[in-house]
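Content type PDB, C-alpha atoms, pLDDT in the B column, from the file data_31.pdb:
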```
ATOM      1  CA  MET K  30     146.883  35.469  85.735  1.00 48.00           C
ATOM      2  CA  ALA K  31     145.920  37.645  88.705  1.00 48.00           C
ATOM      3  CA  PRO K  32     143.017  36.642  90.934  1.00 49.00           C
ATOM      4  CA  ALA K  33     139.659  38.331  90.347  1.00 45.00           C
ATOM      5  CA  ARG K  34     139.843  40.041  93.744  1.00 44.00           C
ATOM      6  CA  THR K  35     142.997  41.903  92.607  1.00 38.00           C
ATOM      7  CA  TYR K  36     141.107  43.353  89.659  1.00 37.00           C
ATOM      8  CA  LEU K  37     138.141  44.142  91.883  1.00 36.00           C
ATOM      9  CA  GLY K  38     140.406  45.867  94.417  1.00 38.00           C
ATOM     10  CA  PHE K  39     142.032  47.912  91.659  1.00 35.00           C
ATOM     11  CA  ALA K  40     138.603  48.907  90.298  1.00 35.00           C
ATOM     12  CA  VAL K  41     137.443  50.041  93.746  1.00 33.00           C
ATOM     13  CA  VAL K  42     140.590  52.130  94.320  1.00 35.00           C
ATOM     14  CA  LEU K  43     140.395  53.667  90.847  1.00 34.00           C
ATOM     15  CA  THR K  44     136.705  54.505  91.241  1.00 34.00           C
ATOM     16  CA  ALA K  45     137.329  56.121  94.633  1.00 37.00           C
ATOM     17  CA  ALA K  46     140.237  58.149  93.273  1.00 40.00           C
ATOM     18  CA  LEU K  47     138.267  59.439  90.315  1.00 41.00           C
ATOM     19  CA  SER K  48     134.928  59.978  92.038  1.00 40.00           C
ATOM     20  CA  GLY K  49     135.979  63.255  93.668  1.00 42.00           C
ATOM     21  CA  CYS K  50     137.373  64.580  90.403  1.00 44.00           C
ATOM     22  CA  SER K  51     134.818  63.714  87.797  1.00 46.00           C
ATOM     23  CA  ALA K  52     131.570  64.772  89.472  1.00 58.00           C
ATOM     24  CA  THR K  53     130.762  68.409  88.885  1.00 72.00           C
ATOM     25  CA  GLN K  54     128.956  70.565  91.404  1.00 85.00           C
ATOM     26  CA  SER K  55     126.488  73.378  90.841  1.00 90.00           C
ATOM     27  CA  PRO K  56     128.154  76.787  90.718  1.00 91.00           C
ATOM     28  CA  ASP K  57     127.614  79.113  93.689  1.00 89.00           C
ATOM     29  CA  ASP K  58     128.997  82.485  92.626  1.00 93.00           C
ATOM     30  CA  GLY K  59     127.564  83.982  95.822  1.00 92.00           C
ATOM     31  CA  ALA K  60     130.075  82.041  97.951  1.00 93.00           C
ATOM     32  CA  LEU K  61     132.972  83.486  95.955  1.00 95.00           C
ATOM     33  CA  CYS K  62     131.463  86.989  96.148  1.00 95.00           C
ATOM     34  CA  ALA K  63     131.111  86.651  99.928  1.00 95.00           C
ATOM     35  CA  ALA K  64     134.758  85.540 100.254  1.00 96.00           C
ATOM     36  CA  TYR K  65     135.903  88.450  98.074  1.00 95.00           C
ATOM     37  CA  THR K  66     133.819  91.015  99.983  1.00 94.00           C
ATOM     38  CA  ALA K  67     135.081  89.707 103.347  1.00 96.00           C
ATOM     39  CA  GLY K  68     138.694  89.434 102.151  1.00 97.00           C
ATOM     40  CA  ARG K  69     138.765  85.702 102.986  1.00 97.00           C
ATOM     41  CA  SER K  70     141.194  83.146 101.580  1.00 97.00           C
ATOM     42  CA  HIS K  71     141.418  79.339 101.613  1.00 96.00           C
ATOM     43  CA  VAL K  72     137.758  79.035 100.584  1.00 96.00           C
ATOM     44  CA  GLU K  73     136.645  76.133  98.380  1.00 95.00           C
ATOM     45  CA  VAL K  74     134.419  77.528  95.619  1.00 96.00           C
ATOM     46  CA  VAL K  75     132.580  76.474  92.488  1.00 96.00           C
ATOM     47  CA  ALA K  76     131.943  79.424  90.187  1.00 95.00           C
ATOM     48  CA  ASP K  77     130.914  80.014  86.608  1.00 95.00           C
ATOM     49  CA  GLY K  78     131.564  82.846  84.261  1.00 95.00           C
ATOM     50  CA  THR K  79     133.001  84.074  80.992  1.00 97.00           C
ATOM     51  CA  VAL K  80     136.682  84.123  80.060  1.00 97.00           C
ATOM     52  CA  THR K  81     137.778  87.746  79.645  1.00 97.00           C
ATOM     53  CA  ARG K  82     141.473  87.153  78.943  1.00 97.00           C
ATOM     54  CA  VAL K  83     143.710  84.153  78.354  1.00 97.00           C
ATOM     55  CA  LEU K  84     147.020  84.543  80.200  1.00 95.00           C
ATOM     56  CA  GLY K  85     148.736  81.543  78.664  1.00 89.00           C
ATOM     57  CA  LEU K  86     151.311  79.128  80.017  1.00 88.00           C
ATOM     58  CA  GLN K  87     153.737  80.298  82.714  1.00 86.00           C
ATOM     59  CA  PRO K  88     156.439  78.431  84.630  1.00 83.00           C
ATOM     60  CA  GLY K  89     155.368  77.583  88.175  1.00 72.00           C
ATOM     61  CA  ARG K  90     157.313  76.824  91.337  1.00 76.00           C
ATOM     62  CA  VAL K  91     157.122  73.110  90.594  1.00 77.00           C
ATOM     63  CA  SER K  92     155.401  72.790  87.213  1.00 82.00           C
ATOM     64  CA  PRO K  93     153.872  74.953  84.474  1.00 86.00           C
ATOM     65  CA  HIS K  94     150.519  76.637  85.026  1.00 89.00           C
ATOM     66  CA  GLU K  95     148.009  77.916  82.510  1.00 92.00           C
ATOM     67  CA  GLY K  96     145.960  80.932  83.508  1.00 94.00           C
ATOM     68  CA  PHE K  97     143.013  83.021  82.487  1.00 97.00           C
ATOM     69  CA  LEU K  98     140.755  85.733  83.866  1.00 97.00           C
ATOM     70  CA  PHE K  99     137.037  85.274  84.088  1.00 95.00           C
ATOM     71  CA  ARG K 100     134.057  87.405  85.087  1.00 96.00           C
ATOM     72  CA  LEU K 101     131.492  85.753  87.323  1.00 93.00           C
ATOM     73  CA  GLY K 102     128.213  84.851  85.702  1.00 88.00           C
ATOM     74  CA  SER K 103     126.121  86.149  88.613  1.00 86.00           C
ATOM     75  CA  GLY K 104     126.491  87.783  91.994  1.00 76.00           C
ATOM     76  CA  CYS K 105     129.131  90.473  92.347  1.00 88.00           C
ATOM     77  CA  ASP K 106     130.862  92.059  89.389  1.00 88.00           C
ATOM     78  CA  VAL K 107     134.376  90.712  89.945  1.00 92.00           C
ATOM     79  CA  ILE K 108     137.030  89.323  87.628  1.00 95.00           C
ATOM     80  CA  VAL K 109     139.007  86.421  89.083  1.00 97.00           C
ATOM     81  CA  ARG K 110     142.266  84.854  87.903  1.00 97.00           C
ATOM     82  CA  VAL K 111     142.268  81.071  87.475  1.00 96.00           C
ATOM     83  CA  GLU K 112     145.406  78.927  87.490  1.00 93.00           C
ATOM     84  CA  ALA K 113     145.599  75.303  86.329  1.00 93.00           C
ATOM     85  CA  ASN K 114     148.585  72.980  86.776  1.00 91.00           C
ATOM     86  CA  THR K 115     149.044  71.598  83.266  1.00 90.00           C
ATOM     87  CA  ASP K 116     150.955  68.576  84.562  1.00 88.00           C
ATOM     88  CA  PHE K 117     147.523  67.356  85.714  1.00 87.00           C
ATOM     89  CA  THR K 118     144.993  69.028  83.439  1.00 89.00           C
ATOM     90  CA  GLY K 119     146.963  69.087  80.211  1.00 89.00           C
ATOM     91  CA  PRO K 120     146.398  72.114  77.994  1.00 91.00           C
ATOM     92  CA  ILE K 121     142.935  73.645  78.270  1.00 93.00           C
ATOM     93  CA  PRO K 122     141.725  75.012  74.934  1.00 94.00           C
ATOM     94  CA  ILE K 123     139.891  78.193  75.948  1.00 93.00           C
ATOM     95  CA  SER K 124     139.357  81.531  74.293  1.00 96.00           C
ATOM     96  CA  GLN K 125     138.059  84.918  75.311  1.00 97.00           C
ATOM     97  CA  GLY K 126     134.264  84.757  75.569  1.00 97.00           C
ATOM     98  CA  ASP K 127     134.088  81.041  76.504  1.00 97.00           C
ATOM     99  CA  ARG K 128     131.840  80.011  79.397  1.00 96.00           C
ATOM    100  CA  VAL K 129     133.622  78.001  82.099  1.00 96.00           C
ATOM    101  CA  VAL K 130     132.879  76.444  85.466  1.00 96.00           C
ATOM    102  CA  VAL K 131     135.772  76.373  87.928  1.00 96.00           C
ATOM    103  CA  LYS K 132     136.149  74.467  91.191  1.00 97.00           C
ATOM    104  CA  GLY K 133     139.131  75.197  93.411  1.00 96.00           C
ATOM    105  CA  GLU K 134     140.503  77.133  96.340  1.00 96.00           C
ATOM    106  CA  TYR K 135     139.915  80.892  96.333  1.00 97.00           C
ATOM    107  CA  GLU K 136     142.642  83.228  97.597  1.00 97.00           C
ATOM    108  CA  PHE K 137     141.746  86.889  98.134  1.00 97.00           C
ATOM    109  CA  TYR K 138     143.599  89.848  96.780  1.00 93.00           C
ATOM    110  CA  PRO K 139     142.079  93.292  96.091  1.00 93.00           C
ATOM    111  CA  LEU K 140     142.010  92.978  92.287  1.00 92.00           C
ATOM    112  CA  GLY K 141     139.648  89.986  92.433  1.00 94.00           C
ATOM    113  CA  GLY K 142     141.660  87.083  93.755  1.00 96.00           C
ATOM    114  CA  VAL K 143     142.756  83.773  92.316  1.00 97.00           C
ATOM    115  CA  ILE K 144     141.315  80.289  92.172  1.00 96.00           C
ATOM    116  CA  HIS K 145     143.946  77.577  92.263  1.00 92.00           C
ATOM    117  CA  TRP K 146     143.957  73.847  93.095  1.00 92.00           C
ATOM    118  CA  THR K 147     141.807  73.430  89.982  1.00 93.00           C
ATOM    119  CA  HIS K 148     143.062  69.866  89.612  1.00 89.00           C
ATOM    120  CA  ARG K 149     143.305  66.662  91.614  1.00 82.00           C
ATOM    121  CA  ASP K 150     145.857  66.275  94.393  1.00 78.00           C
ATOM    122  CA  PRO K 151     147.829  63.081  93.766  1.00 77.00           C
ATOM    123  CA  ARG K 152     148.805  62.985  97.454  1.00 79.00           C
ATOM    124  CA  GLY K 153     145.175  63.239  98.584  1.00 77.00           C
ATOM    125  CA  ARG K 154     145.866  66.071 101.029  1.00 81.00           C
ATOM    126  CA  HIS K 155     143.731  68.703  99.298  1.00 78.00           C
ATOM    127  CA  GLU K 156     140.245  68.627  97.870  1.00 82.00           C
ATOM    128  CA  GLY K 157     140.386  68.179  94.108  1.00 85.00           C
ATOM    129  CA  GLY K 158     139.146  70.825  91.732  1.00 94.00           C
ATOM    130  CA  TYR K 159     138.433  71.101  88.018  1.00 95.00           C
ATOM    131  CA  ILE K 160     137.795  73.397  85.096  1.00 95.00           C
ATOM    132  CA  GLN K 161     134.845  72.634  82.844  1.00 96.00           C
ATOM    133  CA  ALA K 162     135.195  74.206  79.406  1.00 95.00           C
ATOM    134  CA  GLY K 163     133.824  73.367  75.987  1.00 92.00           C
ATOM    135  CA  GLY K 164     131.830  70.448  77.367  1.00 91.00           C
ATOM    136  CA  LYS K 165     134.968  68.775  78.766  1.00 94.00           C
ATOM    137  CA  LEU K 166     136.216  68.388  82.322  1.00 93.00           C
ATOM    138  CA  TYR K 167     139.882  69.112  83.087  1.00 93.00           C
ATOM    139  CA  PHE K 168     141.149  67.899  86.444  1.00 91.00           C
TER     140      PHE K 168
END
```
What does the file become when written as C-alpha coordinates?
Amino acid sequence: MAPARTYLGFAVVLTAALSGCSATQSPDDGALCAAYTAGRSHVEVVADGTVTRVLGLQPGRVSPHEGFLFRLGSGCDVIVRVEANTDFTGPIPISQGDRVVVKGEYEFYPLGGVIHWTHRDPRGRHEGGYIQAGGKLYF
(Lines of atoms letter the chains of each structure in order from A and count residues from 1; the text may use other names and numbers.)
(Lines give C-alpha, C1' and ligand atoms only; values in the text may rest on other atoms or scores of the structure.)
Protein backbone atom coordinates (compact mmCIF):
# COMPACT_ATOMS: atom_id res chain seq x y z
CA MET A 1 0.00 0.00 0.00
CA ALA A 2 1.34 3.44 -0.93
CA PRO A 3 1.93 6.04 1.77
CA ALA A 4 -0.74 8.71 2.28
CA ARG A 5 1.66 11.43 1.11
CA THR A 6 1.86 9.74 -2.33
CA TYR A 7 -1.90 10.00 -2.70
CA LEU A 8 -1.83 13.57 -1.42
CA GLY A 9 0.93 14.47 -3.88
CA PHE A 10 -1.02 12.92 -6.74
CA ALA A 11 -4.16 14.83 -5.71
CA VAL A 12 -2.26 18.13 -5.63
CA VAL A 13 -0.74 17.55 -9.08
CA LEU A 14 -4.08 16.48 -10.55
CA THR A 15 -5.88 19.48 -9.07
CA ALA A 16 -3.23 21.86 -10.42
CA ALA A 17 -3.39 20.29 -13.87
CA LEU A 18 -7.16 20.51 -14.06
CA SER A 19 -7.62 23.90 -12.41
CA GLY A 20 -6.63 25.86 -15.52
CA CYS A 21 -8.93 23.79 -17.71
CA SER A 22 -12.13 23.47 -15.79
CA ALA A 23 -12.73 27.05 -14.62
CA THR A 24 -14.60 29.11 -17.16
CA GLN A 25 -14.06 32.81 -17.63
CA SER A 26 -16.55 35.52 -18.55
CA PRO A 27 -16.71 36.15 -22.29
CA ASP A 28 -15.19 39.40 -23.58
CA ASP A 29 -16.25 39.66 -27.22
CA GLY A 30 -14.79 43.18 -27.30
CA ALA A 31 -11.24 41.80 -26.97
CA LEU A 32 -11.77 39.56 -30.00
CA CYS A 33 -13.33 42.45 -31.96
CA ALA A 34 -10.34 44.66 -31.12
CA ALA A 35 -7.90 41.95 -32.28
CA TYR A 36 -9.87 41.49 -35.52
CA THR A 37 -10.08 45.23 -36.22
CA ALA A 38 -6.34 45.68 -35.56
CA GLY A 39 -5.38 42.56 -37.53
CA ARG A 40 -3.66 41.06 -34.46
CA SER A 41 -2.86 37.39 -33.92
CA HIS A 42 -1.70 35.29 -30.96
CA VAL A 43 -4.34 36.87 -28.70
CA GLU A 44 -5.92 34.81 -25.91
CA VAL A 45 -9.69 35.36 -26.03
CA VAL A 46 -12.90 34.19 -24.41
CA ALA A 47 -15.90 34.81 -26.66
CA ASP A 48 -19.50 33.72 -26.89
CA GLY A 49 -21.84 33.42 -29.79
CA THR A 50 -24.09 31.28 -31.93
CA VAL A 51 -22.97 28.43 -34.17
CA THR A 52 -23.71 29.37 -37.79
CA ARG A 53 -22.22 26.31 -39.50
CA VAL A 54 -20.75 23.00 -38.41
CA LEU A 55 -17.64 22.16 -40.45
CA GLY A 56 -17.20 18.64 -39.15
CA LEU A 57 -14.13 16.52 -38.55
CA GLN A 58 -11.00 17.14 -40.64
CA PRO A 59 -7.54 15.55 -40.49
CA GLY A 60 -4.98 17.82 -38.85
CA ARG A 61 -1.20 18.00 -39.05
CA VAL A 62 -0.91 15.78 -35.99
CA SER A 63 -4.46 14.77 -35.07
CA PRO A 64 -8.06 15.29 -36.20
CA HIS A 65 -9.79 18.61 -35.59
CA GLU A 66 -13.47 19.42 -35.42
CA GLY A 67 -14.52 22.86 -36.60
CA PHE A 68 -17.44 25.23 -36.69
CA LEU A 69 -18.20 28.86 -37.46
CA PHE A 70 -19.81 31.11 -34.93
CA ARG A 71 -21.11 34.68 -34.85
CA LEU A 72 -20.16 36.73 -31.81
CA GLY A 73 -22.93 37.42 -29.35
CA SER A 74 -21.99 41.09 -28.92
CA GLY A 75 -19.48 43.63 -30.14
CA CYS A 76 -18.56 43.55 -33.81
CA ASP A 77 -20.50 41.58 -36.37
CA VAL A 78 -17.88 38.97 -37.25
CA ILE A 79 -18.03 35.24 -37.87
CA VAL A 80 -15.04 33.31 -36.52
CA ARG A 81 -13.90 29.75 -37.23
CA VAL A 82 -13.23 27.55 -34.20
CA GLU A 83 -11.03 24.45 -34.27
CA ALA A 84 -10.90 21.79 -31.55
CA ASN A 85 -8.37 18.94 -31.34
CA THR A 86 -10.62 15.93 -30.82
CA ASP A 87 -7.77 13.89 -29.34
CA PHE A 88 -8.27 16.10 -26.26
CA THR A 89 -11.87 17.27 -26.38
CA GLY A 90 -13.50 14.20 -27.87
CA PRO A 91 -16.41 14.85 -30.22
CA ILE A 92 -18.38 18.00 -29.44
CA PRO A 93 -22.09 17.57 -30.17
CA ILE A 94 -23.07 20.96 -31.60
CA SER A 95 -25.59 22.08 -34.16
CA GLN A 96 -26.34 25.25 -36.07
CA GLY A 97 -28.04 27.72 -33.73
CA ASP A 98 -26.37 26.44 -30.52
CA ARG A 99 -24.89 28.99 -28.11
CA VAL A 100 -21.23 28.37 -27.25
CA VAL A 101 -18.46 29.96 -25.23
CA VAL A 102 -14.94 29.50 -26.60
CA LYS A 103 -11.58 30.14 -24.96
CA GLY A 104 -8.44 29.90 -27.06
CA GLU A 105 -5.87 31.71 -29.14
CA TYR A 106 -7.19 34.03 -31.86
CA GLU A 107 -5.38 34.23 -35.20
CA PHE A 108 -6.39 37.00 -37.61
CA TYR A 109 -7.34 36.58 -41.21
CA PRO A 110 -9.61 38.93 -43.19
CA LEU A 111 -12.65 36.64 -43.26
CA GLY A 112 -12.95 36.67 -39.46
CA GLY A 113 -10.05 34.65 -38.13
CA VAL A 114 -9.77 31.41 -36.22
CA ILE A 115 -9.69 30.44 -32.57
CA HIS A 116 -7.53 27.42 -31.87
CA TRP A 117 -5.85 25.95 -28.77
CA THR A 118 -9.37 25.32 -27.49
CA HIS A 119 -8.07 22.46 -25.36
CA ARG A 120 -5.45 21.80 -22.70
CA ASP A 121 -1.77 21.57 -23.59
CA PRO A 122 -0.41 18.30 -22.20
CA ARG A 123 3.12 19.75 -22.33
CA GLY A 124 2.11 22.83 -20.34
CA ARG A 125 3.69 25.26 -22.80
CA HIS A 126 0.47 26.99 -23.87
CA GLU A 127 -2.46 28.34 -21.94
CA GLY A 128 -5.33 25.87 -22.02
CA GLY A 129 -8.62 26.66 -23.68
CA TYR A 130 -12.08 25.13 -23.85
CA ILE A 131 -15.41 25.05 -25.62
CA GLN A 132 -18.55 25.24 -23.52
CA ALA A 133 -21.60 23.86 -25.33
CA GLY A 134 -24.86 22.34 -24.18
CA GLY A 135 -23.97 22.89 -20.53
CA LYS A 136 -20.77 20.83 -20.85
CA LEU A 137 -17.13 21.87 -20.91
CA TYR A 138 -14.81 20.36 -23.54
CA PHE A 139 -11.10 20.85 -22.96
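Shortest separation to Val143 (chain K) among K:Phe99, K:Tyr159, K:Phe168, K:Phe117 occurs at residue K:Phe99, atoms counted being all atoms listed in the file.
When you apply the PyMOL selection byres ((chain K and resi 69) around 10) to this structure, what comes back is Leu61, Ala63, Ala64, Tyr65, Thr66, Ala67, Gly68, Ser70, His71, Val72, Tyr135, Glu136, Phe137, Tyr138 and Gly142 of chain K.
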Output check: residues returned by the PyMOL selection byres ((chain K and resi 75) around 8), as a list in words: Gln54, Ser55, Pro56, Asp57, Asp58, Leu61, Glu73, Val74, Ala76, Asp77, Val130, Val131, Lys132 and Gly133 of chain K
Distance criterion (only C-alpha atoms): nearest to Cys105 (chain K) out of K:Ala60, K:Val91, K:Gly126, K:Asp150: K:Ala60
Nearest residue to Val111 (chain K) from the set K:His155, K:Lys165, K:Arg149, K:His94 (distances using all atoms listed in the file): K:His94
Could you write region 56-72 of chain K as an mmCIF file, keeping the file's coordinate frame, with N, CA and C atoms rebuilt where they are missing?
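This went into selection.cif:
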```cif
data_model
loop_
_atom_site.group_PDB
_atom_site.id
_atom_site.type_symbol
_atom_site.label_atom_id
_atom_site.label_comp_id
_atom_site.auth_asym_id
_atom_site.auth_seq_id
_atom_site.Cartn_x
_atom_site.Cartn_y
_atom_site.Cartn_z
ATOM 1 N N PRO K 56 127.440 75.555 90.361
ATOM 2 C CA PRO K 56 128.154 76.787 90.718
ATOM 3 C C PRO K 56 127.400 77.583 91.782
ATOM 4 N N ASP K 57 128.148 78.231 92.661
ATOM 5 C CA ASP K 57 127.614 79.113 93.689
ATOM 6 C C ASP K 57 128.478 80.375 93.694
ATOM 7 N N ASP K 58 128.213 81.254 92.732
ATOM 8 C CA ASP K 58 128.997 82.485 92.626
ATOM 9 C C ASP K 58 128.890 83.330 93.885
ATOM 10 N N GLY K 59 127.762 83.210 94.598
ATOM 11 C CA GLY K 59 127.564 83.982 95.822
ATOM 12 C C GLY K 59 128.618 83.679 96.883
ATOM 13 N N ALA K 60 129.050 82.415 96.971
ATOM 14 C CA ALA K 60 130.075 82.041 97.951
ATOM 15 C C ALA K 60 131.402 82.730 97.627
ATOM 16 N N LEU K 61 131.737 82.804 96.341
ATOM 17 C CA LEU K 61 132.972 83.486 95.955
ATOM 18 C C LEU K 61 132.837 84.986 96.210
ATOM 19 N N CYS K 62 131.686 85.558 95.900
ATOM 20 C CA CYS K 62 131.463 86.989 96.148
ATOM 21 C C CYS K 62 131.585 87.305 97.632
ATOM 22 N N ALA K 63 131.034 86.437 98.479
ATOM 23 C CA ALA K 63 131.111 86.651 99.928
ATOM 24 C C ALA K 63 132.565 86.596 100.399
ATOM 25 N N ALA K 64 133.339 85.646 99.880
ATOM 26 C CA ALA K 64 134.758 85.540 100.254
ATOM 27 C C ALA K 64 135.513 86.782 99.794
ATOM 28 N N TYR K 65 135.241 87.250 98.591
ATOM 29 C CA TYR K 65 135.903 88.450 98.074
ATOM 30 C C TYR K 65 135.561 89.671 98.929
ATOM 31 N N THR K 66 134.272 89.862 99.203
ATOM 32 C CA THR K 66 133.819 91.015 99.983
ATOM 33 C C THR K 66 134.421 91.014 101.386
ATOM 34 N N ALA K 67 134.541 89.829 101.990
ATOM 35 C CA ALA K 67 135.081 89.707 103.347
ATOM 36 C C ALA K 67 136.607 89.627 103.372
ATOM 37 N N GLY K 68 137.238 89.540 102.207
ATOM 38 C CA GLY K 68 138.694 89.434 102.151
ATOM 39 C C GLY K 68 139.198 88.090 102.668
ATOM 40 N N ARG K 69 138.405 87.031 102.473
ATOM 41 C CA ARG K 69 138.765 85.702 102.986
ATOM 42 C C ARG K 69 139.531 84.898 101.947
ATOM 43 N N SER K 70 140.431 84.063 102.428
ATOM 44 C CA SER K 70 141.194 83.146 101.580
ATOM 45 C C SER K 70 140.985 81.715 102.063
ATOM 46 N N HIS K 71 141.523 80.776 101.303
ATOM 47 C CA HIS K 71 141.418 79.339 101.613
ATOM 48 C C HIS K 71 139.960 78.891 101.645
ATOM 49 N N VAL K 72 139.173 79.364 100.663
ATOM 50 C CA VAL K 72 137.758 79.035 100.584
ATOM 51 C C VAL K 72 137.540 78.176 99.340
#
```
